[in-house]
Amino acid sequence: MAEITKSYEARDVEQKWYAAWLQAKAFRGTVDPQREPYSIVIPPPNVTGVLTMGHVLNNTLQDVLIRRARLEGRSAMWLPGTDHAGIATQTVVERELRKQKKTRHDFGREKFVEKVWEWRHEKGGIILEQLRRLGASCDWDRTAFTMDPAYSKRVLHVFVELFKRGHIYRGKRMVNWCPASLTALSDEEVIMKPVNSTLYRVRYELASQPGRFVEVKTTRPETIPGDVAIAVHPDDPRFADMIGQKVRRPIGPAADIPIIADSAVDKEFGSGALKITPAHDKVDYEIGLRHKLPVIDVLEANGTLNALAGDELAGLDRFAGRKKAAELLRASGALVDEEAYSNNVGYSERADVPIEPRLTEQWWLRYPKVEEAKAAVRDGHIKFHPERWSKVYLHWLENIQDWCISRQLWWGHRIPVWYRKGADRSDPQNWHVSVDGPADPQNWEQENDVLDTWASSWLWPFATLGWPDEGEMKQQGFDYFYPTSTLVTGPDIIFFWVARMIMAGLEFVRPGEPIERRIPFRDVYFTGIIRDQQGRKMSKSLGNSPDPLDLIATYGADGLRFGIVSIAPQGQDIRFQEDRIESGKNFCNKLWNACRFRQMSGEAGDNSTLGAIITRLDPSRFDGDDHAILDRLLVTTKEVERCFREFEFSAAVQALYGFFWNDFCDWYVEVSKSKLQAPETKPNCLAIQDLVLRQTLLLLHPFVPFITEELWSLLGYANQGGFIQTTRLETAAGLQAALEARGLVLDRALIAGVESLKTFVSQARALKAEHNLASRRDVQFQVIANDAAWATLDASTAKLIRMVGAAGMARRDKVEGAPAVVTPLGTLYLDLASTVDVGAEKIRLTKELEAISKHVAATEARLSNEAFVSKAPPAVLAGARKQLADQQAKRAELERLLKAL
RNA sequence: GGACCUUUAGCUCAGUUGGUUAGAGCGUUUCCUUGACAUGGAAGAGGUCACUGGUUCGAGUCCAGUAAGGUCCACCA
């Protein structure tokens with residue numbers, strides 16, 4: 001067996017094992033009726049994406065769940081893939097074309113889409129490679145892509161089905177238009193931002209009463225040429241006599257427009273009068289409909305003003321047009337006033353430009369299964385972690401609006417609707433809707449629009465498993481793996497993706513069957529958002545995100561994984577600190593070296609199975625430390641089990657960290673050093689170490705897969721070359737039963753004794769340090785102890801002397817003039833050859849006496865409170881009494897010591 | 001306007017159903033290159049648990065309110 005080197009070198013180990021895992025097809029998710037299934041579908045990253053810290057967290061957690069499921073003996077399947085990301089990808093390719101001074105229109109639709117495919121084959125999906133570096137144990141043979149021919153067909157199938165079921169319609173309505181990407185967007189793709197703008201006060205002259213004006217306030221004077229009315233509230237006395245009259249449009253083509261009354265106008269806001277521009281505002285559009293007003297669209301798709309805006313404005317960009325319009329108003333005297341103003345403006349999430357409300361023909365979806373989607377979460381068929389996100393989810397579903405699913409892009413799933421050539425497109429009689437298209441294509445023209453990207457990814461949990469093709473479903477194990485077990489994602493896509501997947505699953509999967517068979521997943525774990533030190537969201541544009549690959553190079557994939565999980569408590573945003581990643585690396589090194597110590601301590605016994613190790617235990621040689629470490633091992637195993645049940649990953653990591661570093665390395669390994677000296681205790685001690693290390697490696701493996709696989713092999717746990725990940729992890733209950741079968745019942749009293757010994761050692765070390773003897777190993781200790789305490793101490797003298805760093809420890813009836821400390825196992829004296837600094841010693845003891853006296857007083861006060869004594873539970877009461885007795889004894893001893901000085 | 005979250009050590013955070021002297025990591029101070037590990041060991045310093053009130057024998061923990069910071073939804077020109 002290879003020797004364990006002095007420090008852990010992650011790079012080679014990671015490459016070696018990842019290749020070995022792939023080679024062995026260790027990540028393959030197979031249908032196995034003998035085992036419980038466990039499945040996760042990856043939230044497909046954009047095909048243009050590169051690994052961010054958010055991906056690191058998200059995918060580490062998925063890998064943790066998947067690997068843990070494997071260890072628990074389930075058949076685990078993690079399905080990877082990417083999303084074609086319509087706008088994002090098209091933009092990337094267009095940007096490349098622009099470098100060659102070309103646009104997509106120079107190529108035409110077909111050629112351009114070919115270009116995107118070329119890009120995707122060359123540069124797309126880098127992120128999947130990067131996930132391998134992180135150790136992700138995806139079933140790569142199942143890698144899916146939302147534009148794969150098979151997947152695309154499923155997307156179109158869903159469109160056709162929803163159309164047939166009456167959920168999809170075409171209509172001319174106000175949409176959020178992105179003048180940069182030249183496409184409609186869904187409401188979810190618009191983000192509101194506060195903007196510093198100008199509020200212009202503009203007066204409109206009454207046509208019939210020159211010299212009389214109506215004033216309105218607007219932030220968008222460039223749309224005045226599109227005004228078709230002025231609206232006031234019907235009950236507003238200021239305007240009562242004006243309703244029905246006409247005013248002159250102050251700029252743009254000359255026209256007289258009516259003053260109308262509509263209760264949508266807020267009397268309190270601005271001047272109380274509202275200019276109505278139906279083409280460029282949602283509320284105005286609705287008012288326009290009610291009053292049968294014409295629509296004058298003064299903007300081109302790209303946001304420049306058109307001829308309808310009048311000669312002076314035509315051709316200008318909307319922002320330049322705004323300035324120009326203000327100038328024109330000022331020149332004509334129509335601009336009464338302008339003031340600085342802060343208002344909220346909708347921005348395109350992707351292109352980061354203000355969106356325009358725009359009247360266009362689009363395809364809309366009336367969401368299916370809305371009520372059932374609510375019930376699925378409300379009734380607990382799907383559980384959200386943390387639970388509070390279910391409120392956000394339900395609130396959105398309560399107020400759900402139809403989904404604009406068409407996009408004016410070329411990269412995406414082209415909507416499977418054909419229009420009869422030359423016929424009226426608004427008449428559904430002239431439509432052909434099918435996956436494969438009409439039989440006589442020469443007579444038809446296909447719809448130009450493609451589907452919103454989310455209108456393909458909402459099918460992810462079942463379309464990736466072969467749905468609806470029965471043969472494919474069988475091959476992919478649909479019946480076995482659906483519903484998937486857990487979804488790990490960010491709360492920022494709860495509407496975009498999570499809610500929609502639930503509705504899609506309920507609508508399409510296993511119709512007629514109970515809800516729990518149709519939902520796409522049972523648990524949803526929402527990660528926090530990773531922020532930088534200043535609390536800002538990490539983003540590419542801010543450049544405040546470290547490159548995960550650099551972190552892997554510096555700290556190892558395991559270090560990064562361990563670190564990121566440890567700082568990600570459930571449901572809270574995460575403030576990223578690189579030093580936590582460093583401590584992840586340090587932990588790996590600690591693990592490595594503890595195993596190295598084990599290897600150097602003696603020949604490996606039979607480590608091939610848990611049973612073999614347990615057989616090597618010798619109950620007759622067990623002392624308190626042995627009982628205590630196994631107890632802590634069981635407690636930790638149990639705690640990790642709880643953490644997985646409750647999705648508390650950082651708590652699991654912390655429990656393992658504390659157990660391994662403090663309980664095992666700092667205490668057990670140290671006491672082992674004397675046990676290993678003695679031939680009669682050595683074999684049992686080694687067996688215990690083997691047992692603890694084995695279980696610890698298994699518990700840690702989901703978090704730090706590479707190093708644990710390496711150590712598993714180096715310490716001889718790999719039975720016939722098997723991987724750690726194909727080993728069955730024993731539960732706390734199972735492990736305890738196995739120990740008991742070997743005659744090992746953990747002894748509570750002995751375990752409690754170890755706690756006293758730990759305190760004793762700590763106090764003894766402190767005593768040495770107080771007297772500047774921390775590094776001396778030749779000091780002598782004396783102790784005054786009762787028989788019981790001395791028995792505990794005497795049984796462990798060799799260990800204690802080693803732990804404390806002393807030459808010896810003797811029992812005495814009386815000691816004088818030496819510095820002392822009161823421990824749970826008696827009063828410990830430091831035997832100083834030189835004279836003691838009595839003054840310093842007095843100060844130290846006095847300080848301690850003061851502290852203990854305070855506690856005594858507090859405990860006495862509690863116990864003298866009649867209400868406490870009569871109402872507190874007996875256990876609490878007894879605890880308080882015991883505490884008081886201990887405190888009083890300690891105080892008395894301190895007083896005695898002080899007196900002696 | 002509506003909803004939610006956060007506030008505990010210098011920093012980042014734990015703190016399960018209320019119950020001993022409120023914890024961890026990092027940082028910091030002192031000592032230690034002793035045969036697993038200096039990516040380490042030992043000992044220490046550091047907290048009126050944001051504030052006010054209430055419930056209770058007992059509150060960091062439960063309730064009400066206040067303040068500050070953050071997130072989401074809606075949005076009035």
# chains A, B, ... in the order shown; residues from 1 in each chain; ligands from 1
>>> closest_atom_pairs(of="chain A", to="chain B", cutoff="6 Å", atoms="only C-alpha atoms (C1' of nucleotides)", output="JSON lines")
{"residue": "A:Thr218", "atom": "CA", "partner": "B:A77", "partner_atom": "C1'", "distance": 5.8}
{"residue": "A:Asn586", "atom": "CA", "partner": "B:U39", "partner_atom": "C1'", "distance": 4.6}
{"residue": "A:Lys590", "atom": "CA", "partner": "B:C37", "partner_atom": "C1'", "distance": 5.9}
{"residue": "A:Asn593", "atom": "CA", "partner": "B:A36", "partner_atom": "C1'", "distance": 4.8}
{"residue": "A:Ala594", "atom": "CA", "partner": "B:A36", "partner_atom": "C1'", "distance": 5.4}
{"residue": "A:Arg596", "atom": "CA", "partner": "B:A36", "partner_atom": "C1'", "distance": 5.6}
{"residue": "A:Phe597", "atom": "CA", "partner": "B:A36", "partner_atom": "C1'", "distance": 4.0}
{"residue": "A:Ala766", "atom": "CA", "partner": "B:A43", "partner_atom": "C1'", "distance": 5.6}
{"residue": "A:Ser775", "atom": "CA", "partner": "B:C32", "partner_atom": "C1'", "distance": 6.0}
{"residue": "A:Ala867", "atom": "CA", "partner": "B:C57", "partner_atom": "C1'", "distance": 4.4}
{"residue": "A:Phe868", "atom": "CA", "partner": "B:C57", "partner_atom": "C1'", "distance": 3.6}
>>> select_by_dssp(residues="region 513-551 of chain A", states="helix (DSSP H, G or I)", output="PyMOL selection string")
chain A and resi 515-518+548-551
>>> write_last_selection(atoms="N, CA and C atoms", output="PDB file, in the first residue's frame")
ATOM      1  N   ILE A 515     -52.026  13.348  -7.349  1.00  0.00           N
ATOM      2  CA  ILE A 515     -51.139  14.496  -7.469  1.00  0.00           C
ATOM      3  C   ILE A 515     -49.674  14.137  -7.154  1.00  0.00           C
ATOM      4  N   GLU A 516     -49.458  13.274  -6.181  1.00  0.00           N
ATOM      5  CA  GLU A 516     -48.077  12.980  -5.789  1.00  0.00           C
ATOM      6  C   GLU A 516     -47.329  12.171  -6.853  1.00  0.00           C
ATOM      7  N   ARG A 517     -48.059  11.659  -7.838  1.00  0.00           N
ATOM      8  CA  ARG A 517     -47.413  10.947  -8.941  1.00  0.00           C
ATOM      9  C   ARG A 517     -47.103  11.891 -10.100  1.00  0.00           C
ATOM     10  N   ARG A 518     -47.739  13.049 -10.090  1.00  0.00           N
ATOM     11  CA  ARG A 518     -47.581  13.959 -11.226  1.00  0.00           C
ATOM     12  C   ARG A 518     -46.619  15.119 -10.961  1.00  0.00           C
ATOM     13  N   PRO A 548     -14.052  30.358  -9.759  1.00  0.00           N
ATOM     14  CA  PRO A 548     -14.016  29.106  -9.002  1.00  0.00           C
ATOM     15  C   PRO A 548     -12.851  28.204  -9.406  1.00  0.00           C
ATOM     16  N   LEU A 549     -12.443  28.281 -10.655  1.00  0.00           N
ATOM     17  CA  LEU A 549     -11.347  27.413 -11.078  1.00  0.00           C
ATOM     18  C   LEU A 549     -10.034  27.839 -10.419  1.00  0.00           C
ATOM     19  N   ASP A 550      -9.886  29.147 -10.195  1.00  0.00           N
ATOM     20  CA  ASP A 550      -8.718  29.606  -9.447  1.00  0.00           C
ATOM     21  C   ASP A 550      -8.773  29.078  -8.015  1.00  0.00           C
ATOM     22  N   LEU A 551      -9.964  29.108  -7.451  1.00  0.00           N
ATOM     23  CA  LEU A 551     -10.115  28.622  -6.076  1.00  0.00           C
ATOM     24  C   LEU A 551      -9.801  27.131  -6.006  1.00  0.00           C
TER      25      LEU A 551
END
>>> closest_residue(among="A:Ala499, A:Ile529, A:Ile296, A:Cys595", to="Lys369 (chain A)", atoms="only C-alpha atoms")
A:Ala499
>>> residues_around(residues="U16 (chain B)", least_positions_apart="2", cutoff="12 Å", atoms="only C-alpha atoms (C1' of nucleotides)", output="short mmCIF file (atom, residue, chain, number, x, y, z; two decimals) with N, CA, C and O atoms (P, O5', C5', C4', C3', O3' and C1' of nucleotides), in the first residue's frame")
data_model
loop_
_atom_site.label_atom_id
_atom_site.label_comp_id
_atom_site.auth_asym_id
_atom_site.auth_seq_id
_atom_site.Cartn_x
_atom_site.Cartn_y
_atom_site.Cartn_z
N GLU A 639 -26.33 13.00 14.13
CA GLU A 639 -26.52 14.42 13.84
C GLU A 639 -26.49 14.67 12.32
O GLU A 639 -27.29 15.43 11.80
N ARG A 642 -29.70 13.67 10.86
CA ARG A 642 -30.72 14.70 11.08
C ARG A 642 -30.54 15.86 10.08
O ARG A 642 -31.51 16.35 9.51
N CYS A 643 -29.30 16.26 9.91
CA CYS A 643 -29.03 17.38 9.01
C CYS A 643 -29.50 17.08 7.59
O CYS A 643 -30.04 17.95 6.92
N GLU A 646 -33.20 17.35 7.34
CA GLU A 646 -33.72 18.72 7.43
C GLU A 646 -33.00 19.70 6.51
O GLU A 646 -33.14 20.91 6.67
N GLU A 648 -29.95 20.69 6.35
CA GLU A 648 -29.05 21.63 7.01
C GLU A 648 -27.61 21.21 6.73
O GLU A 648 -26.93 20.62 7.57
N ALA A 651 -24.71 22.72 8.85
CA ALA A 651 -24.67 22.14 10.19
C ALA A 651 -24.01 20.76 10.15
O ALA A 651 -23.27 20.39 11.07
P A B 14 -26.61 32.21 10.33
"O5'" A B 14 -26.16 30.87 11.04
"C5'" A B 14 -26.21 30.76 12.43
"C4'" A B 14 -25.72 29.42 12.85
"C3'" A B 14 -26.56 28.80 13.95
"O3'" A B 14 -27.60 28.00 13.41
"C1'" A B 14 -24.34 28.92 14.67
P G B 18 -39.88 26.45 23.85
"O5'" G B 18 -38.46 26.86 23.33
"C5'" G B 18 -37.25 26.71 23.84
"C4'" G B 18 -36.76 27.77 24.80
"C3'" G B 18 -36.08 27.13 26.00
"O3'" G B 18 -34.83 27.75 26.19
"C1'" G B 18 -37.65 28.76 26.70
P U B 61 -35.27 36.79 23.30
"O5'" U B 61 -35.37 35.36 22.61
"C5'" U B 61 -35.34 35.23 21.18
"C4'" U B 61 -35.44 33.77 20.82
"C3'" U B 61 -36.78 33.14 21.14
"O3'" U B 61 -37.22 32.35 20.06
"C1'" U B 61 -35.01 31.95 22.21
#
>>> select_by_dssp(residues="region 703-898 of chain A", states="strand (DSSP E or B)", output="PyMOL selection string")
chain A and resi 780-784+808-811+820-823+826-831
>>> residues_around(residues="Ile42 (chain A)", least_positions_apart="5", cutoff="12 Å", atoms="only C-alpha atoms (C1' of nucleotides)", output="count of residues only")
36
>>> residues_around(residues="region 851-866 of chain A", least_positions_apart="2", cutoff="8 Å", atoms="only C-alpha atoms (C1' of nucleotides)", output="PDB file with N, CA, C and O atoms (P, O5', C5', C4', C3', O3' and C1' of nucleotides), in the first residue's frame")
ATOM      1  N   LYS A 847      -9.280  36.505  41.502  1.00  0.00           N
ATOM      2  CA  LYS A 847     -10.119  36.709  40.322  1.00  0.00           C
ATOM      3  C   LYS A 847     -11.054  35.530  40.101  1.00  0.00           C
ATOM      4  O   LYS A 847     -12.237  35.676  39.823  1.00  0.00           O
ATOM      5  N   GLU A 848     -10.477  34.358  40.267  1.00  0.00           N
ATOM      6  CA  GLU A 848     -11.278  33.163  40.041  1.00  0.00           C
ATOM      7  C   GLU A 848     -12.355  33.033  41.117  1.00  0.00           C
ATOM      8  O   GLU A 848     -13.481  32.620  40.842  1.00  0.00           O
ATOM      9  N   LEU A 849     -11.981  33.391  42.345  1.00  0.00           N
ATOM     10  CA  LEU A 849     -12.924  33.324  43.455  1.00  0.00           C
ATOM     11  C   LEU A 849     -14.094  34.273  43.221  1.00  0.00           C
ATOM     12  O   LEU A 849     -15.253  33.929  43.456  1.00  0.00           O
ATOM     13  N   PHE A 868     -39.622  29.235  41.535  1.00  0.00           N
ATOM     14  CA  PHE A 868     -38.766  28.365  40.740  1.00  0.00           C
ATOM     15  C   PHE A 868     -38.788  26.949  41.280  1.00  0.00           C
ATOM     16  O   PHE A 868     -38.985  25.983  40.548  1.00  0.00           O
ATOM     17  N   VAL A 869     -38.637  26.848  42.590  1.00  0.00           N
ATOM     18  CA  VAL A 869     -38.583  25.526  43.215  1.00  0.00           C
ATOM     19  C   VAL A 869     -39.881  24.763  43.027  1.00  0.00           C
ATOM     20  O   VAL A 869     -39.877  23.563  42.767  1.00  0.00           O
ATOM     21  N   SER A 870     -40.986  25.489  43.078  1.00  0.00           N
ATOM     22  CA  SER A 870     -42.262  24.776  42.994  1.00  0.00           C
ATOM     23  C   SER A 870     -42.672  24.506  41.547  1.00  0.00           C
ATOM     24  O   SER A 870     -43.395  23.557  41.281  1.00  0.00           O
ATOM     25  N   ALA A 880     -29.851  22.293  39.016  1.00  0.00           N
ATOM     26  CA  ALA A 880     -29.462  23.527  39.692  1.00  0.00           C
ATOM     27  C   ALA A 880     -28.848  23.224  41.054  1.00  0.00           C
ATOM     28  O   ALA A 880     -27.868  23.855  41.470  1.00  0.00           O
ATOM     29  N   ARG A 881     -29.413  22.258  41.764  1.00  0.00           N
ATOM     30  CA  ARG A 881     -28.896  21.905  43.101  1.00  0.00           C
ATOM     31  C   ARG A 881     -27.486  21.333  42.993  1.00  0.00           C
ATOM     32  O   ARG A 881     -26.587  21.682  43.757  1.00  0.00           O
ATOM     33  N   GLN A 883     -25.444  21.835  40.607  1.00  0.00           N
ATOM     34  CA  GLN A 883     -24.577  22.922  40.181  1.00  0.00           C
ATOM     35  C   GLN A 883     -24.152  23.757  41.378  1.00  0.00           C
ATOM     36  O   GLN A 883     -22.978  24.105  41.529  1.00  0.00           O
ATOM     37  N   LEU A 884     -25.101  24.047  42.248  1.00  0.00           N
ATOM     38  CA  LEU A 884     -24.788  24.860  43.415  1.00  0.00           C
ATOM     39  C   LEU A 884     -23.765  24.153  44.292  1.00  0.00           C
ATOM     40  O   LEU A 884     -22.787  24.752  44.754  1.00  0.00           O
ATOM     41  N   GLN A 887     -20.387  24.344  42.719  1.00  0.00           N
ATOM     42  CA  GLN A 887     -19.852  25.694  42.782  1.00  0.00           C
ATOM     43  C   GLN A 887     -19.387  26.041  44.194  1.00  0.00           C
ATOM     44  O   GLN A 887     -18.330  26.653  44.387  1.00  0.00           O
ATOM     45  N   GLN A 888     -20.181  25.613  45.167  1.00  0.00           N
ATOM     46  CA  GLN A 888     -19.818  25.913  46.548  1.00  0.00           C
ATOM     47  C   GLN A 888     -18.535  25.203  46.945  1.00  0.00           C
ATOM     48  O   GLN A 888     -17.669  25.769  47.620  1.00  0.00           O
ATOM     49  N   LYS A 890     -16.150  24.320  44.998  1.00  0.00           N
ATOM     50  CA  LYS A 890     -15.034  24.979  44.334  1.00  0.00           C
ATOM     51  C   LYS A 890     -14.673  26.282  45.053  1.00  0.00           C
ATOM     52  O   LYS A 890     -13.502  26.605  45.249  1.00  0.00           O
ATOM     53  N   ARG A 891     -15.693  26.999  45.469  1.00  0.00           N
ATOM     54  CA  ARG A 891     -15.440  28.254  46.170  1.00  0.00           C
ATOM     55  C   ARG A 891     -14.695  28.006  47.475  1.00  0.00           C
ATOM     56  O   ARG A 891     -13.730  28.688  47.815  1.00  0.00           O
TER      57      ARG A 891
ATOM     58  P     U B  21     -26.023  29.826  34.894  1.00  0.00           P
ATOM     59  O5'   U B  21     -24.692  30.122  34.055  1.00  0.00           O
ATOM     60  C5'   U B  21     -24.446  31.446  33.591  1.00  0.00           C
ATOM     61  C4'   U B  21     -23.065  31.525  33.040  1.00  0.00           C
ATOM     62  C3'   U B  21     -22.839  30.843  31.690  1.00  0.00           C
ATOM     63  O3'   U B  21     -22.108  31.729  30.847  1.00  0.00           O
ATOM     64  C1'   U B  21     -21.175  30.198  33.233  1.00  0.00           C
ATOM     65  P     C B  57     -45.042  32.169  36.686  1.00  0.00           P
ATOM     66  O5'   C B  57     -43.525  32.230  37.135  1.00  0.00           O
ATOM     67  C5'   C B  57     -43.165  32.759  38.418  1.00  0.00           C
ATOM     68  C4'   C B  57     -41.713  32.469  38.701  1.00  0.00           C
ATOM     69  C3'   C B  57     -40.761  32.821  37.573  1.00  0.00           C
ATOM     70  O3'   C B  57     -40.375  34.183  37.633  1.00  0.00           O
ATOM     71  C1'   C B  57     -40.294  30.633  38.333  1.00  0.00           C
TER      72        C B  57
END
>>> residues_around(residues="Pro33 (chain A)", least_positions_apart="6", cutoff="12 Å", atoms="only C-alpha atoms (C1' of nucleotides)", output="list of chain:residue names")
A:Arg74, A:Ser75, A:Gly477, A:Asp479, A:Tyr480, A:Phe481
>>> closest_residue(among="A:Ser271, A:Ser674, A:Thr792, A:Ser332", to="Asp236 (chain A)", atoms="only C-alpha atoms")
A:Ser271
>>> decode(residues="region 285-308 of chain A", atoms="C-alpha atoms", output="short mmCIF file (atom, residue, chain, number, x, y, z; two decimals), in the first residue's frame")
data_model
loop_
_atom_site.label_atom_id
_atom_site.label_comp_id
_atom_site.auth_asym_id
_atom_site.auth_seq_id
_atom_site.Cartn_x
_atom_site.Cartn_y
_atom_site.Cartn_z
CA TYR A 285 -54.10 51.59 -23.57
CA GLU A 286 -56.85 50.31 -21.32
CA ILE A 287 -58.43 53.74 -21.05
CA GLY A 288 -58.17 53.99 -24.81
CA LEU A 289 -60.05 50.72 -25.22
CA ARG A 290 -62.81 51.88 -22.91
CA HIS A 291 -63.24 55.09 -24.84
CA LYS A 292 -62.62 53.64 -28.29
CA LEU A 293 -59.68 55.94 -28.89
CA PRO A 294 -57.33 55.51 -31.83
CA VAL A 295 -53.80 54.25 -31.28
CA ILE A 296 -50.92 56.30 -32.62
CA ASP A 297 -47.64 54.46 -32.38
CA VAL A 298 -44.82 57.00 -32.67
CA LEU A 299 -41.96 54.57 -31.95
CA GLU A 300 -40.14 52.09 -34.11
CA ALA A 301 -39.27 48.69 -32.70
CA ASN A 302 -35.76 49.83 -31.87
CA GLY A 303 -36.97 52.81 -29.89
CA THR A 304 -36.50 55.58 -32.44
CA LEU A 305 -39.31 58.00 -33.20
CA ASN A 306 -41.11 57.54 -36.49
CA ALA A 307 -42.83 59.84 -38.95
CA LEU A 308 -45.98 59.97 -36.84
#
